[in-house]
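Trainee: Here you go, this is my_file_34.cif (mmCIF, N, CA, C and O atoms).
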data_final
#
loop_
_atom_site.group_PDB
_atom_site.id
_atom_site.type_symbol
_atom_site.label_atom_id
_atom_site.label_comp_id
_atom_site.auth_asym_id
_atom_site.auth_seq_id
_atom_site.Cartn_x
_atom_site.Cartn_y
_atom_site.Cartn_z
ATOM 1 N N MET A 1 89.900 93.129 101.431
ATOM 2 C CA MET A 1 91.092 92.355 101.148
ATOM 3 C C MET A 1 90.665 90.977 100.652
ATOM 4 O O MET A 1 89.839 90.313 101.249
ATOM 5 N N ASP A 2 91.263 90.531 99.546
ATOM 6 C CA ASP A 2 90.991 89.213 98.999
ATOM 7 C C ASP A 2 91.811 88.169 99.742
ATOM 8 O O ASP A 2 92.904 88.448 100.231
ATOM 9 N N SER A 3 91.278 86.965 99.805
ATOM 10 C CA SER A 3 92.054 85.854 100.348
ATOM 11 C C SER A 3 91.881 84.658 99.425
ATOM 12 O O SER A 3 90.834 84.498 98.790
ATOM 13 N N PHE A 4 92.937 83.858 99.317
ATOM 14 C CA PHE A 4 92.951 82.715 98.420
ATOM 15 C C PHE A 4 93.563 81.524 99.141
ATOM 16 O O PHE A 4 94.572 81.682 99.828
ATOM 17 N N PRO A 5 92.984 80.315 98.973
ATOM 18 C CA PRO A 5 93.674 79.131 99.482
ATOM 19 C C PRO A 5 94.993 78.987 98.726
ATOM 20 O O PRO A 5 95.044 79.188 97.511
ATOM 21 N N ALA A 6 96.058 78.684 99.450
ATOM 22 C CA ALA A 6 97.364 78.596 98.811
ATOM 23 C C ALA A 6 98.204 77.523 99.488
ATOM 24 O O ALA A 6 98.020 77.226 100.661
ATOM 25 N N GLY A 7 99.112 76.954 98.727
ATOM 26 C CA GLY A 7 100.080 76.009 99.257
ATOM 27 C C GLY A 7 101.468 76.390 98.787
ATOM 28 O O GLY A 7 101.630 76.933 97.700
ATOM 29 N N VAL A 8 102.458 76.134 99.625
ATOM 30 C CA VAL A 8 103.844 76.480 99.304
ATOM 31 C C VAL A 8 104.740 75.308 99.670
ATOM 32 O O VAL A 8 104.549 74.670 100.712
ATOM 33 N N GLU A 9 105.693 75.020 98.802
ATOM 34 C CA GLU A 9 106.720 74.025 99.099
ATOM 35 C C GLU A 9 108.058 74.700 98.868
ATOM 36 O O GLU A 9 108.348 75.167 97.768
ATOM 37 N N ILE A 10 108.834 74.830 99.929
ATOM 38 C CA ILE A 10 110.145 75.468 99.836
ATOM 39 C C ILE A 10 111.198 74.374 99.834
ATOM 40 O O ILE A 10 111.337 73.633 100.800
ATOM 41 N N GLY A 11 111.895 74.283 98.723
ATOM 42 C CA GLY A 11 112.954 73.285 98.590
ATOM 43 C C GLY A 11 114.311 73.961 98.539
ATOM 44 O O GLY A 11 114.426 75.178 98.615
ATOM 45 N N GLY A 12 115.332 73.158 98.383
ATOM 46 C CA GLY A 12 116.688 73.691 98.354
ATOM 47 C C GLY A 12 117.001 74.484 97.107
ATOM 48 O O GLY A 12 117.847 75.363 97.118
ATOM 49 N N THR A 13 116.289 74.211 95.996
ATOM 50 C CA THR A 13 116.545 74.902 94.739
ATOM 51 C C THR A 13 115.396 75.812 94.341
ATOM 52 O O THR A 13 115.618 76.942 93.914
ATOM 53 N N PHE A 14 114.160 75.332 94.488
ATOM 54 C CA PHE A 14 113.000 76.103 94.056
ATOM 55 C C PHE A 14 111.947 76.196 95.154
ATOM 56 O O PHE A 14 111.843 75.309 96.005
ATOM 57 N N THR A 15 111.175 77.274 95.091
ATOM 58 C CA THR A 15 109.991 77.452 95.920
ATOM 59 C C THR A 15 108.791 77.370 94.987
ATOM 60 O O THR A 15 108.710 78.113 94.014
ATOM 61 N N ASP A 16 107.886 76.441 95.256
ATOM 62 C CA ASP A 16 106.699 76.237 94.428
ATOM 63 C C ASP A 16 105.476 76.737 95.177
ATOM 64 O O ASP A 16 105.368 76.560 96.391
ATOM 65 N N ARG A 17 104.551 77.331 94.447
ATOM 66 C CA ARG A 17 103.345 77.869 95.057
ATOM 67 C C ARG A 17 102.155 77.515 94.179
ATOM 68 O O ARG A 17 102.233 77.578 92.961
ATOM 69 N N ILE A 18 101.040 77.166 94.823
ATOM 70 C CA ILE A 18 99.782 76.929 94.130
ATOM 71 C C ILE A 18 98.710 77.742 94.844
ATOM 72 O O ILE A 18 98.671 77.794 96.065
ATOM 73 N N VAL A 19 97.886 78.427 94.055
ATOM 74 C CA VAL A 19 96.840 79.287 94.583
ATOM 75 C C VAL A 19 95.555 79.001 93.823
ATOM 76 O O VAL A 19 95.585 78.783 92.613
ATOM 77 N N VAL A 20 94.426 79.013 94.529
ATOM 78 C CA VAL A 20 93.117 78.865 93.898
ATOM 79 C C VAL A 20 92.391 80.200 94.024
ATOM 80 O O VAL A 20 92.158 80.690 95.133
ATOM 81 N N SER A 21 92.048 80.810 92.874
ATOM 82 C CA SER A 21 91.392 82.114 92.883
ATOM 83 C C SER A 21 89.914 81.967 93.227
ATOM 84 O O SER A 21 89.379 80.864 93.307
ATOM 85 N N ASP A 22 89.235 83.099 93.427
ATOM 86 C CA ASP A 22 87.809 83.098 93.773
ATOM 87 C C ASP A 22 86.954 82.351 92.759
ATOM 88 O O ASP A 22 85.964 81.727 93.110
ATOM 89 N N ASP A 23 87.325 82.416 91.482
ATOM 90 C CA ASP A 23 86.527 81.755 90.450
ATOM 91 C C ASP A 23 86.958 80.306 90.205
ATOM 92 O O ASP A 23 86.502 79.660 89.272
ATOM 93 N N GLY A 24 87.837 79.776 91.056
ATOM 94 C CA GLY A 24 88.252 78.384 90.970
ATOM 95 C C GLY A 24 89.458 78.119 90.094
ATOM 96 O O GLY A 24 89.873 76.973 89.938
ATOM 97 N N GLU A 25 90.025 79.164 89.515
ATOM 98 C CA GLU A 25 91.219 78.991 88.687
ATOM 99 C C GLU A 25 92.405 78.581 89.557
ATOM 100 O O GLU A 25 92.656 79.175 90.605
ATOM 101 N N VAL A 26 93.126 77.558 89.131
ATOM 102 C CA VAL A 26 94.320 77.109 89.837
ATOM 103 C C VAL A 26 95.536 77.743 89.169
ATOM 104 O O VAL A 26 95.738 77.601 87.967
ATOM 105 N N VAL A 27 96.318 78.468 89.958
ATOM 106 C CA VAL A 27 97.488 79.175 89.446
ATOM 107 C C VAL A 27 98.721 78.631 90.154
ATOM 108 O O VAL A 27 98.738 78.515 91.383
ATOM 109 N N THR A 28 99.743 78.282 89.378
ATOM 110 C CA THR A 28 100.991 77.806 89.964
ATOM 111 C C THR A 28 102.124 78.746 89.594
ATOM 112 O O THR A 28 102.065 79.452 88.585
ATOM 113 N N ALA A 29 103.152 78.752 90.423
ATOM 114 C CA ALA A 29 104.324 79.581 90.156
ATOM 115 C C ALA A 29 105.533 78.930 90.800
ATOM 116 O O ALA A 29 105.407 78.184 91.779
ATOM 117 N N GLN A 30 106.689 79.223 90.255
ATOM 118 C CA GLN A 30 107.933 78.693 90.791
ATOM 119 C C GLN A 30 108.976 79.799 90.773
ATOM 120 O O GLN A 30 109.046 80.593 89.840
ATOM 121 N N ALA A 31 109.781 79.849 91.827
ATOM 122 C CA ALA A 31 110.877 80.815 91.909
ATOM 123 C C ALA A 31 112.067 80.118 92.559
ATOM 124 O O ALA A 31 111.909 79.110 93.248
ATOM 125 N N ARG A 32 113.243 80.647 92.348
ATOM 126 C CA ARG A 32 114.426 80.083 92.999
ATOM 127 C C ARG A 32 114.345 80.332 94.501
ATOM 128 O O ARG A 32 113.969 81.405 94.941
ATOM 129 N N SER A 33 114.699 79.320 95.274
ATOM 130 C CA SER A 33 114.821 79.501 96.715
ATOM 131 C C SER A 33 116.053 80.350 96.968
ATOM 132 O O SER A 33 117.068 80.210 96.281
ATOM 133 N N SER A 34 115.961 81.235 97.917
ATOM 134 C CA SER A 34 117.046 82.180 98.178
ATOM 135 C C SER A 34 117.694 81.855 99.522
ATOM 136 O O SER A 34 117.127 82.166 100.567
ATOM 137 N N LEU A 35 118.843 81.219 99.462
ATOM 138 C CA LEU A 35 119.565 80.906 100.701
ATOM 139 C C LEU A 35 120.305 82.129 101.192
ATOM 140 O O LEU A 35 120.812 82.895 100.376
ATOM 141 N N PRO A 36 120.404 82.416 102.440
ATOM 142 C CA PRO A 36 119.814 81.695 103.551
ATOM 143 C C PRO A 36 118.411 82.202 103.906
ATOM 144 O O PRO A 36 117.788 81.703 104.827
ATOM 145 N N ASN A 37 117.892 83.174 103.151
ATOM 146 C CA ASN A 37 116.592 83.774 103.475
ATOM 147 C C ASN A 37 115.531 83.240 102.514
ATOM 148 O O ASN A 37 115.320 83.791 101.443
ATOM 149 N N TYR A 38 114.838 82.189 102.915
ATOM 150 C CA TYR A 38 113.829 81.569 102.057
ATOM 151 C C TYR A 38 112.630 82.479 101.818
ATOM 152 O O TYR A 38 111.858 82.252 100.901
ATOM 153 N N THR A 39 112.470 83.515 102.614
ATOM 154 C CA THR A 39 111.355 84.446 102.437
ATOM 155 C C THR A 39 111.406 85.107 101.063
ATOM 156 O O THR A 39 110.370 85.354 100.451
ATOM 157 N N GLU A 40 112.587 85.389 100.552
ATOM 158 C CA GLU A 40 112.719 86.027 99.241
ATOM 159 C C GLU A 40 112.121 85.160 98.143
ATOM 160 O O GLU A 40 111.405 85.652 97.275
ATOM 161 N N GLY A 41 112.385 83.856 98.167
ATOM 162 C CA GLY A 41 111.811 82.939 97.180
ATOM 163 C C GLY A 41 110.304 82.834 97.325
ATOM 164 O O GLY A 41 109.575 82.756 96.338
ATOM 165 N N LEU A 42 109.824 82.855 98.566
ATOM 166 C CA LEU A 42 108.390 82.811 98.827
ATOM 167 C C LEU A 42 107.694 84.043 98.252
ATOM 168 O O LEU A 42 106.692 83.940 97.541
ATOM 169 N N ILE A 43 108.231 85.213 98.504
ATOM 170 C CA ILE A 43 107.646 86.461 98.000
ATOM 171 C C ILE A 43 107.698 86.497 96.476
ATOM 172 O O ILE A 43 106.736 86.899 95.823
ATOM 173 N N GLU A 44 108.791 86.060 95.892
ATOM 174 C CA GLU A 44 108.913 86.037 94.429
ATOM 175 C C GLU A 44 107.889 85.083 93.814
ATOM 176 O O GLU A 44 107.249 85.400 92.814
ATOM 177 N N SER A 45 107.703 83.894 94.411
ATOM 178 C CA SER A 45 106.721 82.955 93.863
ATOM 179 C C SER A 45 105.309 83.512 93.995
ATOM 180 O O SER A 45 104.485 83.308 93.118
ATOM 181 N N LEU A 46 105.032 84.240 95.064
ATOM 182 C CA LEU A 46 103.725 84.873 95.235
ATOM 183 C C LEU A 46 103.488 85.920 94.148
ATOM 184 O O LEU A 46 102.440 85.956 93.520
ATOM 185 N N SER A 47 104.477 86.750 93.883
ATOM 186 C CA SER A 47 104.307 87.789 92.871
ATOM 187 C C SER A 47 104.119 87.182 91.477
ATOM 188 O O SER A 47 103.422 87.743 90.641
ATOM 189 N N ARG A 48 104.686 86.020 91.234
ATOM 190 C CA ARG A 48 104.562 85.368 89.928
ATOM 191 C C ARG A 48 103.175 84.762 89.680
ATOM 192 O O ARG A 48 102.843 84.451 88.552
ATOM 193 N N THR A 49 102.365 84.585 90.733
ATOM 194 C CA THR A 49 101.016 84.072 90.520
ATOM 195 C C THR A 49 100.140 85.119 89.856
ATOM 196 O O THR A 49 99.142 84.775 89.232
ATOM 197 N N GLY A 50 100.481 86.410 90.001
ATOM 198 C CA GLY A 50 99.712 87.480 89.397
ATOM 199 C C GLY A 50 98.410 87.795 90.131
ATOM 200 O O GLY A 50 97.607 88.574 89.655
ATOM 201 N N LEU A 51 98.227 87.201 91.299
ATOM 202 C CA LEU A 51 97.023 87.476 92.089
ATOM 203 C C LEU A 51 97.340 88.535 93.135
ATOM 204 O O LEU A 51 98.470 88.649 93.580
ATOM 205 N N PRO A 52 96.335 89.307 93.525
ATOM 206 C CA PRO A 52 96.587 90.373 94.519
ATOM 207 C C PRO A 52 96.971 89.827 95.867
ATOM 208 O O PRO A 52 96.704 88.728 96.217
#
Have the structure of the file written as structure tokens, please.

Mentor:
Amino acid sequence: MDSFPAGVEIGGTFTDRIVVSDDGEVVTAQARSSLPNYTEGLIESLSRTGLP
């Protein structure tokens, strides 16, 4: 299983995510925050990074 350093900021409108891949590439993604379940926005932003 791969692991990547990642950061997430969940706001009222958007969920932002930053991930650093094994080779040092910095990947960012943004998705709409999903009220009242912020997990949906988190999962969507993760899938948008394109990393496993």

Trainee: Evaluate the PyMOL selection byres ((chain A and resi 12) around 7) against this structure - the residues, as a list in words, please.

Mentor: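 With the shown file as input, the PyMOL selection byres ((chain A and resi 12) around 7) matches Ile10, Gly11, Thr13, Phe14, Thr15, Arg32, Ser33, Ser34 and Leu35 of chain A.
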
Trainee: Expanded to explicit residues, what is the PyMOL selection byres ((chain A and resi 4) around 6) for this file, as a list of chain:residue names?

Mentor: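 For this structure, the PyMOL selection byres ((chain A and resi 4) around 6) captures A:Asp2, A:Ser3, A:Pro5, A:Ala6, A:Val20, A:Ser21.
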
Trainee: Mind giving me the straight-line distance from CA of Ala31 in chain A to CA of Ile18 in chain A in Å, one decimal?

Mentor: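 Straight-line distance from CA of Ala31 in chain A to CA of Ile18 in chain A works out to 12.0 Å.
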
Trainee: As an MDAnalysis selection string, please: every residue in chain A that a backbone DSSP assignment puts in alpha helix (DSSP H).

Mentor: chainID A and resid 38:49

Trainee: Keeping only N, CA, C and O atoms, write the selected residues to a file as an mmCIF file, keeping the file's coordinate frame.

Mentor:
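Generated file (out.cif):
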data_model
loop_
_atom_site.group_PDB
_atom_site.id
_atom_site.type_symbol
_atom_site.label_atom_id
_atom_site.label_comp_id
_atom_site.auth_asym_id
_atom_site.auth_seq_id
_atom_site.Cartn_x
_atom_site.Cartn_y
_atom_site.Cartn_z
ATOM 1 N N TYR A 38 114.838 82.189 102.915
ATOM 2 C CA TYR A 38 113.829 81.569 102.057
ATOM 3 C C TYR A 38 112.630 82.479 101.818
ATOM 4 O O TYR A 38 111.858 82.252 100.901
ATOM 5 N N THR A 39 112.470 83.515 102.614
ATOM 6 C CA THR A 39 111.355 84.446 102.437
ATOM 7 C C THR A 39 111.406 85.107 101.063
ATOM 8 O O THR A 39 110.370 85.354 100.451
ATOM 9 N N GLU A 40 112.587 85.389 100.552
ATOM 10 C CA GLU A 40 112.719 86.027 99.241
ATOM 11 C C GLU A 40 112.121 85.160 98.143
ATOM 12 O O GLU A 40 111.405 85.652 97.275
ATOM 13 N N GLY A 41 112.385 83.856 98.167
ATOM 14 C CA GLY A 41 111.811 82.939 97.180
ATOM 15 C C GLY A 41 110.304 82.834 97.325
ATOM 16 O O GLY A 41 109.575 82.756 96.338
ATOM 17 N N LEU A 42 109.824 82.855 98.566
ATOM 18 C CA LEU A 42 108.390 82.811 98.827
ATOM 19 C C LEU A 42 107.694 84.043 98.252
ATOM 20 O O LEU A 42 106.692 83.940 97.541
ATOM 21 N N ILE A 43 108.231 85.213 98.504
ATOM 22 C CA ILE A 43 107.646 86.461 98.000
ATOM 23 C C ILE A 43 107.698 86.497 96.476
ATOM 24 O O ILE A 43 106.736 86.899 95.823
ATOM 25 N N GLU A 44 108.791 86.060 95.892
ATOM 26 C CA GLU A 44 108.913 86.037 94.429
ATOM 27 C C GLU A 44 107.889 85.083 93.814
ATOM 28 O O GLU A 44 107.249 85.400 92.814
ATOM 29 N N SER A 45 107.703 83.894 94.411
ATOM 30 C CA SER A 45 106.721 82.955 93.863
ATOM 31 C C SER A 45 105.309 83.512 93.995
ATOM 32 O O SER A 45 104.485 83.308 93.118
ATOM 33 N N LEU A 46 105.032 84.240 95.064
ATOM 34 C CA LEU A 46 103.725 84.873 95.235
ATOM 35 C C LEU A 46 103.488 85.920 94.148
ATOM 36 O O LEU A 46 102.440 85.956 93.520
ATOM 37 N N SER A 47 104.477 86.750 93.883
ATOM 38 C CA SER A 47 104.307 87.789 92.871
ATOM 39 C C SER A 47 104.119 87.182 91.477
ATOM 40 O O SER A 47 103.422 87.743 90.641
ATOM 41 N N ARG A 48 104.686 86.020 91.234
ATOM 42 C CA ARG A 48 104.562 85.368 89.928
ATOM 43 C C ARG A 48 103.175 84.762 89.680
ATOM 44 O O ARG A 48 102.843 84.451 88.552
ATOM 45 N N THR A 49 102.365 84.585 90.733
ATOM 46 C CA THR A 49 101.016 84.072 90.520
ATOM 47 C C THR A 49 100.140 85.119 89.856
ATOM 48 O O THR A 49 99.142 84.775 89.232
#

Trainee: Among chain A, which ones does DSSP place in strand (DSSP E or B), written as JSON, numbers by chain?

Mentor: {"A": [6, 7, 8, 9, 10, 14, 15, 16, 17, 18, 19, 20, 26, 27, 28, 29, 30, 31, 32]}

Trainee: What does the structure give for the distance between CA of Glu40 in chain A and atom N of Asp23 in chain A, in Å to one decimal?

Mentor: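 Interatomic distance here is 26.8 Å.
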
Trainee: Set the distance at 7 Å and use only N, CA, C and O atoms: which residues neighbour Ser45 in chain A once local chain neighbours fewer than 2 positions away are removed? I'd like the list as a list in words.

Mentor: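 In the requested format, the answer is Thr15, Asp16, Arg17, Thr28, Ala29, Gln30, Ala31, Arg32, Thr39, Glu40, Gly41, Leu42, Ile43, Ser47, Arg48, Thr49 and Gly50 of chain A.
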
Trainee: Do you have the atom C of Val26 in chain A-atom N of Tyr38 in chain A distance handy?

Mentor: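 Interatomic distance here is 24.1 Å.
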